[in-house]
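Novice: One file: work-v2.tsv (TSV, C-alpha atoms).
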```tsv
chain	number	residue	atom	x	y	z
Y	1	MET	CA	154.45	-14.90	-6.45
Y	2	SER	CA	151.41	-14.16	-8.59
Y	3	LEU	CA	151.54	-13.90	-12.35
Y	4	ARG	CA	150.59	-10.23	-12.09
Y	5	GLU	CA	153.56	-9.60	-9.83
Y	6	ILE	CA	155.93	-11.47	-12.14
Y	7	SER	CA	154.64	-9.37	-15.04
Y	8	ALA	CA	155.20	-6.18	-13.00
Y	9	TRP	CA	158.78	-7.25	-12.16
Y	10	VAL	CA	159.61	-7.95	-15.81
Y	11	MET	CA	157.95	-4.78	-17.09
Y	12	GLY	CA	159.64	-2.75	-14.35
Y	13	ALA	CA	162.97	-4.17	-15.51
Y	14	VAL	CA	162.14	-3.32	-19.13
Y	15	MET	CA	161.31	0.26	-18.10
Y	16	LEU	CA	164.48	0.51	-16.01
Y	17	ILE	CA	166.65	-0.63	-18.92
Y	18	THR	CA	164.82	1.66	-21.35
Y	19	GLY	CA	165.15	4.59	-18.93
Y	20	ALA	CA	168.83	3.90	-18.31
Y	21	TYR	CA	169.53	3.73	-22.05
Y	22	TYR	CA	167.53	6.89	-22.62
Y	23	GLY	CA	169.34	8.77	-19.84
Y	24	LYS	CA	172.72	7.57	-21.08
Y	25	LEU	CA	171.98	8.76	-24.61
Y	26	VAL	CA	170.86	12.21	-23.49
Y	27	LEU	CA	173.72	12.64	-21.02
Y	28	ALA	CA	176.34	11.44	-23.51
Y	29	ALA	CA	175.11	13.94	-26.09
Y	30	ALA	CA	175.01	16.74	-23.51
Y	31	GLN	CA	178.52	15.95	-22.25
Y	32	ALA	CA	179.88	15.82	-25.80
Y	33	GLY	CA	178.50	19.32	-26.29
Y	34	ALA	CA	176.46	18.07	-29.20
Y	35	GLY	CA	173.24	19.41	-27.75
Y	36	LEU	CA	170.36	16.99	-27.60
Y	37	PRO	CA	170.26	13.82	-29.67
Y	38	PRO	CA	167.61	13.75	-32.41
Y	39	PRO	CA	164.32	12.09	-31.36
Y	40	GLU	CA	164.91	9.44	-34.05
Y	41	ASP	CA	167.71	8.04	-31.88
Y	42	PHE	CA	165.07	6.81	-29.46
Y	43	LEU	CA	163.07	4.98	-32.09
Y	44	GLY	CA	165.07	1.77	-31.62
Y	45	PRO	CA	164.71	1.61	-27.82
Y	46	ALA	CA	161.05	2.64	-28.04
Y	47	ILE	CA	160.31	-0.18	-30.49
Y	48	GLY	CA	162.42	-2.53	-28.32
Y	49	ALA	CA	160.38	-1.66	-25.21
Y	50	PHE	CA	157.14	-2.09	-27.18
Y	51	VAL	CA	158.20	-5.50	-28.51
Y	52	ALA	CA	159.38	-6.54	-25.02
Y	53	THR	CA	155.96	-5.61	-23.59
Y	54	ILE	CA	154.21	-7.82	-26.13
Y	55	GLY	CA	156.84	-10.55	-25.65
Y	56	VAL	CA	156.24	-10.61	-21.89
Y	57	ASP	CA	152.49	-10.97	-22.41
Y	58	ILE	CA	152.98	-13.77	-24.93
Y	59	ALA	CA	155.49	-15.58	-22.69
Y	60	LEU	CA	153.13	-15.39	-19.70
Y	61	ALA	CA	150.21	-16.59	-21.81
Y	62	ILE	CA	152.26	-19.61	-22.94
Y	63	LEU	CA	153.75	-20.41	-19.52
Y	64	ALA	CA	150.54	-19.92	-17.53
Y	65	PRO	CA	147.58	-19.73	-19.91
Y	66	LYS	CA	144.95	-19.95	-17.17
Y	67	GLY	CA	146.41	-17.24	-14.97
Y	68	ALA	CA	147.36	-14.88	-17.79
Y	69	ASP	CA	143.79	-14.86	-19.01
Y	70	LEU	CA	142.28	-13.80	-15.68
Y	71	PRO	CA	141.34	-10.18	-15.09
Y	72	PRO	CA	142.42	-8.67	-11.75
Y	73	ASP	CA	140.13	-9.78	-8.94
Y	74	GLU	CA	138.39	-7.71	-6.26
Y	75	ARG	CA	141.54	-7.51	-4.07
Y	76	GLU	CA	143.93	-6.71	-6.92
Y	77	ARG	CA	141.80	-4.11	-8.72
Y	78	PRO	CA	142.12	-1.34	-6.08
Y	79	MET	CA	145.87	-2.00	-5.82
Y	80	LEU	CA	146.39	-1.65	-9.57
Y	81	TRP	CA	144.16	1.42	-9.57
Y	82	ARG	CA	146.18	3.04	-6.77
Y	83	ALA	CA	149.47	2.27	-8.53
Y	84	GLY	CA	148.11	3.85	-11.72
Y	85	HIS	CA	146.80	6.83	-9.77
Y	86	TRP	CA	150.17	7.62	-8.18
Y	87	ALA	CA	152.03	6.99	-11.44
Y	88	GLY	CA	149.64	9.40	-13.15
Y	89	LEU	CA	150.36	12.04	-10.52
Y	90	VAL	CA	154.11	11.51	-11.01
Y	91	GLN	CA	153.70	11.86	-14.77
Y	92	GLY	CA	151.52	14.95	-14.42
Y	93	GLY	CA	153.88	16.53	-11.90
Y	94	LEU	CA	156.88	15.92	-14.12
Y	95	ALA	CA	155.05	17.27	-17.17
Y	96	VAL	CA	154.12	20.46	-15.32
Y	97	ALA	CA	157.70	20.76	-14.03
Y	98	ALA	CA	159.00	20.29	-17.58
Y	99	VAL	CA	156.70	23.00	-18.96
Y	100	LEU	CA	157.72	25.38	-16.16
Y	101	TYR	CA	161.37	24.64	-16.81
Y	102	VAL	CA	160.95	25.30	-20.54
Y	103	ALA	CA	159.00	28.49	-19.83
Y	104	HIS	CA	161.82	29.63	-17.56
Y	105	SER	CA	164.75	28.58	-19.75
Y	106	GLY	CA	163.13	29.25	-23.12
Y	107	ASP	CA	164.64	26.01	-24.44
Y	108	MET	CA	161.76	24.39	-26.29
Y	109	ALA	CA	163.92	21.58	-27.68
Y	110	ILE	CA	164.33	19.97	-24.28
Y	111	LEU	CA	160.56	19.65	-23.67
Y	112	PHE	CA	160.29	16.45	-25.72
Y	113	TYR	CA	163.10	14.79	-23.74
Y	114	LEU	CA	161.70	15.81	-20.37
Y	115	ILE	CA	158.22	14.57	-21.25
Y	116	VAL	CA	159.48	11.23	-22.60
Y	117	GLY	CA	161.77	10.86	-19.57
Y	118	GLY	CA	158.82	11.57	-17.28
Y	119	LEU	CA	156.71	9.01	-19.13
Y	120	ILE	CA	159.35	6.31	-18.68
Y	121	LEU	CA	159.82	7.21	-15.02
Y	122	SER	CA	156.09	7.20	-14.27
Y	123	GLN	CA	155.72	3.79	-15.93
Y	124	PHE	CA	158.57	2.49	-13.81
Y	125	VAL	CA	156.93	3.95	-10.69
Y	126	GLU	CA	153.65	2.26	-11.61
Y	127	TYR	CA	155.25	-1.19	-11.82
Y	128	VAL	CA	157.21	-0.66	-8.59
Y	129	LEU	CA	154.01	0.38	-6.80
Y	130	GLN	CA	152.11	-2.59	-8.23
Y	131	ILE	CA	154.76	-4.90	-6.78
Y	132	ALA	CA	154.72	-3.08	-3.43
Y	133	PHE	CA	150.91	-3.13	-3.16
Y	134	LEU	CA	150.55	-6.73	-4.30
Y	135	ARG	CA	153.26	-7.80	-1.83
Y	136	SER	CA	151.77	-5.87	1.07
Y	137	GLY	CA	148.42	-7.40	0.25
Y	138	SER	CA	146.54	-4.22	1.06
H	139	MET	CA	153.13	-8.10	7.61
H	140	ILE	CA	154.90	-6.48	10.56
H	141	GLY	CA	152.68	-4.20	12.61
H	142	ARG	CA	149.57	-4.96	10.63
H	143	LYS	CA	146.39	-4.51	12.64
H	144	PRO	CA	144.33	-7.71	12.43
H	145	LEU	CA	141.00	-7.33	10.67
H	146	PRO	CA	137.91	-7.89	12.85
H	147	ILE	CA	136.50	-10.46	10.43
H	148	THR	CA	137.65	-13.96	11.24
H	149	ASN	CA	137.16	-16.99	9.03
H	150	GLN	CA	137.25	-20.77	8.90
H	151	VAL	CA	138.03	-21.06	5.21
H	152	SER	CA	141.12	-23.19	5.74
H	153	ALA	CA	139.21	-25.59	8.03
H	154	PHE	CA	136.38	-25.93	5.52
H	155	ARG	CA	138.88	-26.65	2.74
H	156	ASP	CA	140.30	-29.45	4.85
H	157	GLN	CA	136.81	-30.80	5.50
H	158	HIS	CA	136.14	-30.86	1.77
H	159	GLY	CA	138.76	-33.40	0.87
H	160	GLY	CA	141.68	-31.07	1.36
H	161	MET	CA	140.56	-28.76	-1.40
H	162	SER	CA	143.53	-26.72	-2.58
H	163	GLN	CA	143.67	-22.92	-2.36
H	164	ALA	CA	143.99	-22.82	-6.14
H	165	ALA	CA	140.85	-24.94	-6.60
H	166	LEU	CA	138.89	-22.74	-4.21
H	167	ALA	CA	140.20	-19.62	-5.93
H	168	GLU	CA	139.09	-20.89	-9.32
H	169	ALA	CA	135.69	-21.93	-8.00
H	170	ILE	CA	134.91	-18.51	-6.56
H	171	GLY	CA	136.63	-16.43	-9.25
H	172	VAL	CA	139.57	-14.87	-7.41
H	173	SER	CA	143.32	-15.40	-7.49
H	174	ARG	CA	145.05	-17.93	-5.22
H	175	GLN	CA	146.85	-15.02	-3.54
H	176	THR	CA	143.48	-13.56	-2.58
H	177	VAL	CA	142.43	-16.85	-0.97
H	178	VAL	CA	145.75	-16.84	0.94
H	179	ALA	CA	145.10	-13.25	2.07
H	180	ILE	CA	141.56	-14.13	3.20
H	181	GLU	CA	142.72	-17.18	5.17
H	182	LYS	CA	145.48	-15.21	6.88
H	183	GLY	CA	142.99	-12.49	7.80
H	184	HIS	CA	144.84	-9.89	5.73
H	185	TYR	CA	141.90	-9.25	3.47
H	186	SER	CA	138.16	-9.19	4.09
H	187	PRO	CA	136.36	-10.47	0.99
H	188	SER	CA	133.42	-8.73	-0.60
H	189	LEU	CA	129.98	-9.89	0.43
H	190	GLU	CA	129.59	-11.61	-2.94
H	191	THR	CA	132.82	-13.58	-2.53
H	192	ALA	CA	131.93	-14.44	1.07
H	193	PHE	CA	128.59	-15.86	-0.12
H	194	ARG	CA	130.31	-17.78	-2.92
H	195	ILE	CA	132.65	-19.39	-0.40
H	196	ALA	CA	129.85	-20.28	2.01
H	197	ARG	CA	127.66	-21.68	-0.76
H	198	LEU	CA	130.54	-23.71	-2.15
H	199	PHE	CA	130.97	-25.38	1.24
H	200	GLY	CA	127.21	-25.74	1.64
H	201	VAL	CA	127.04	-23.76	4.87
H	202	GLY	CA	125.82	-20.38	6.05
H	203	LEU	CA	127.82	-17.19	5.89
H	204	GLU	CA	128.31	-17.05	9.67
H	205	ASP	CA	129.62	-20.61	9.74
H	206	VAL	CA	132.57	-19.47	7.65
H	207	PHE	CA	132.97	-15.86	8.75
H	208	GLY	CA	132.75	-14.29	12.17
H	209	TRP	CA	133.24	-10.97	13.89
H	210	ASP	CA	135.96	-10.69	16.50
H	211	GLU	CA	134.97	-7.98	18.97
H	212	ALA	CA	138.42	-7.98	20.56
```
Could you rewrite the structure in this file as structure tokens?
Specialist:
Amino acid sequence: MSLREISAWVMGAVMLITGAYYGKLVLAAAQAGAGLPPPEDFLGPAIGAFVATIGVDIALAILAPKGADLPPDERERPMLWRAGHWAGLVQGGLAVAAVLYVAHSGDMAILFYLIVGGLILSQFVEYVLQIAFLRSGS
Amino acid sequence: MIGRKPLPITNQVSAFRDQHGGMSQAALAEAIGVSRQTVVAIEKGHYSPSLETAFRIARLFGVGLEDVFGWDEA
């Protein structure tokens, strides 16, 4: 397994945990009838995900300094580009869907949560696609 | 990969590595500036390298491009 794939697995896991925590927080608040939780509630997980991202890079640089330093090569570049392309489309599609939903429901407060949720989901999709493309080798 | 159509470009990279003192895939990868996984993909015929990488490989082994790479009409 290449270093890039290991990084994608770890970052995908970080995004999955962040997304699960985020979803749980929003659903718990909605079920309690307390409306939506304040955006500040997500500050902790957001900082956690940010620190984890840096931590993964540092850990990889220590464990495999030579490999971590290498930019993607000619075979990997189109794969990473395609993963980013599809993740961008997912993010854009979800953002448009969120705006349409808000326009329909008139509930502006939910826009922030839908956009952030879409961002987390699209990041997760990007890492999953990176793994899939790198594994398929095409 | 199941059902993958073989690429028409064949290669003797693995044989040339053996001829050069059993050069490892990692050493070849480092010498030509790609990842080891890319060398694996080239040797298995799953990936056709760029012309630049193909030349780097041939030059590293001190042979011509067509000694390392071929075209399989079938």
Novice: List every residue of chain Y that has an atom at most 12 Å from any atom of chain H, and for each one report the closest atom pair and its distance in Å to one decimal, counting all atoms listed in the file, with rows sorted by chain and then by increasing residue number, as a Markdown table.
Specialist:
```
| residue | atom | partner | partner_atom | distance |
| --- | --- | --- | --- | --- |
| Y:Met1 | CA | H:Gln175 | CA | 8.1 |
| Y:Ser2 | CA | H:Gln175 | CA | 6.9 |
| Y:Leu3 | CA | H:Ser173 | CA | 9.7 |
| Y:Arg4 | CA | H:Ser173 | CA | 10.0 |
| Y:Glu5 | CA | H:Gln175 | CA | 10.7 |
| Y:Lys66 | CA | H:Glu168 | CA | 9.8 |
| Y:Gly67 | CA | H:Ser173 | CA | 8.3 |
| Y:Ala68 | CA | H:Ser173 | CA | 11.1 |
| Y:Asp69 | CA | H:Ser173 | CA | 11.5 |
| Y:Leu70 | CA | H:Ser173 | CA | 8.4 |
| Y:Pro71 | CA | H:Val172 | CA | 9.2 |
| Y:Pro72 | CA | H:Ser173 | CA | 8.0 |
| Y:Asp73 | CA | H:Val172 | CA | 5.3 |
| Y:Glu74 | CA | H:Val172 | CA | 7.3 |
| Y:Arg75 | CA | H:Thr176 | CA | 6.5 |
| Y:Glu76 | CA | H:Thr176 | CA | 8.1 |
| Y:Arg77 | CA | H:Val172 | CA | 11.1 |
| Y:Leu134 | CA | H:Gln175 | CA | 9.1 |
| Y:Arg135 | CA | H:Met139 | CA | 9.4 |
| Y:Ser136 | CA | H:Met139 | CA | 7.0 |
| Y:Gly137 | CA | H:Ala179 | CA | 7.0 |
| Y:Ser138 | CA | H:Tyr185 | CA | 7.3 |
```
Novice: Have a look at CA of Val206 (chain H) and CA of Gln150 (chain H) and let me know their distance in Å, one decimal.
Specialist: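 Going from CA of Val206 (chain H) over to CA of Gln150 (chain H), I get 5.0 Å.
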Novice: In Å, how far is it from CA of Leu43 (chain Y) to CA of Gly93 (chain Y)?
Specialist: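 One can read the CA of Leu43 (chain Y) to CA of Gly93 (chain Y) distance as 25.0 Å.
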Novice: Give as number ranges by chain the set of residues within 12 Å of the point (150.4, -6.2, -23.1), where distances use the file's coordinates and only C-alpha atoms.
Specialist: Y: 4, 7-8, 10-11, 49-61, 68-69
Novice: CA of Phe193 (chain H) and CA of Trp81 (chain Y) are how many Å apart?
Specialist: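 Between CA of Phe193 (chain H) and CA of Trp81 (chain Y) the gap works out to 25.1 Å.
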Novice: Just the residues within 12 Å of region 152-155 of chain H, please, counting only C-alpha atoms, with nothing from its chain fewer than 2 positions along; format it as a ChimeraX atom specification.
Specialist: /H:148-150,157-167,177-183,195-202,205-207
Novice: Just C-alpha atoms for this one: save the residues we selected as a PDB file, keeping the file's coordinate frame.
Specialist:
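As written to disk, again-v9.pdb reads:
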```
ATOM      1  CA  THR H 148     137.650 -13.960  11.240  1.00  0.00           C
ATOM      2  CA  ASN H 149     137.160 -16.990   9.030  1.00  0.00           C
ATOM      3  CA  GLN H 150     137.250 -20.770   8.900  1.00  0.00           C
ATOM      4  CA  GLN H 157     136.810 -30.800   5.500  1.00  0.00           C
ATOM      5  CA  HIS H 158     136.140 -30.860   1.770  1.00  0.00           C
ATOM      6  CA  GLY H 159     138.760 -33.400   0.870  1.00  0.00           C
ATOM      7  CA  GLY H 160     141.680 -31.070   1.360  1.00  0.00           C
ATOM      8  CA  MET H 161     140.560 -28.760  -1.400  1.00  0.00           C
ATOM      9  CA  SER H 162     143.530 -26.720  -2.580  1.00  0.00           C
ATOM     10  CA  GLN H 163     143.670 -22.920  -2.360  1.00  0.00           C
ATOM     11  CA  ALA H 164     143.990 -22.820  -6.140  1.00  0.00           C
ATOM     12  CA  ALA H 165     140.850 -24.940  -6.600  1.00  0.00           C
ATOM     13  CA  LEU H 166     138.890 -22.740  -4.210  1.00  0.00           C
ATOM     14  CA  ALA H 167     140.200 -19.620  -5.930  1.00  0.00           C
ATOM     15  CA  VAL H 177     142.430 -16.850  -0.970  1.00  0.00           C
ATOM     16  CA  VAL H 178     145.750 -16.840   0.940  1.00  0.00           C
ATOM     17  CA  ALA H 179     145.100 -13.250   2.070  1.00  0.00           C
ATOM     18  CA  ILE H 180     141.560 -14.130   3.200  1.00  0.00           C
ATOM     19  CA  GLU H 181     142.720 -17.180   5.170  1.00  0.00           C
ATOM     20  CA  LYS H 182     145.480 -15.210   6.880  1.00  0.00           C
ATOM     21  CA  GLY H 183     142.990 -12.490   7.800  1.00  0.00           C
ATOM     22  CA  ILE H 195     132.650 -19.390  -0.400  1.00  0.00           C
ATOM     23  CA  ALA H 196     129.850 -20.280   2.010  1.00  0.00           C
ATOM     24  CA  ARG H 197     127.660 -21.680  -0.760  1.00  0.00           C
ATOM     25  CA  LEU H 198     130.540 -23.710  -2.150  1.00  0.00           C
ATOM     26  CA  PHE H 199     130.970 -25.380   1.240  1.00  0.00           C
ATOM     27  CA  GLY H 200     127.210 -25.740   1.640  1.00  0.00           C
ATOM     28  CA  VAL H 201     127.040 -23.760   4.870  1.00  0.00           C
ATOM     29  CA  GLY H 202     125.820 -20.380   6.050  1.00  0.00           C
ATOM     30  CA  ASP H 205     129.620 -20.610   9.740  1.00  0.00           C
ATOM     31  CA  VAL H 206     132.570 -19.470   7.650  1.00  0.00           C
ATOM     32  CA  PHE H 207     132.970 -15.860   8.750  1.00  0.00           C
TER      33      PHE H 207
END
```
Novice: Pick out the closest residue to Pro38 (chain Y) from this set: Y:Ile17, Y:Val90, Y:Ala83, Y:Ile110. Count all atoms listed in the file.
Specialist: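 Under the stated criterion, the closest residue is Y:Ile110.
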Novice: Which polymer residues, protein or nucleic acid, are no farther than 7 Å from (132.5, -11.8, 11.0), counting all atoms listed in the file, as a PyMOL selection string?
Specialist: chain H and resi 146-148+204+207-210
Novice: Determine the nearest neighbour of Leu114 (chain Y) from the options Y:Gly23, Y:Pro78, Y:Tyr127, Y:Leu89, counting all atoms listed in the file.
Specialist: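 The shortest atom-to-atom distance to Leu114 (chain Y) comes from Y:Gly23.
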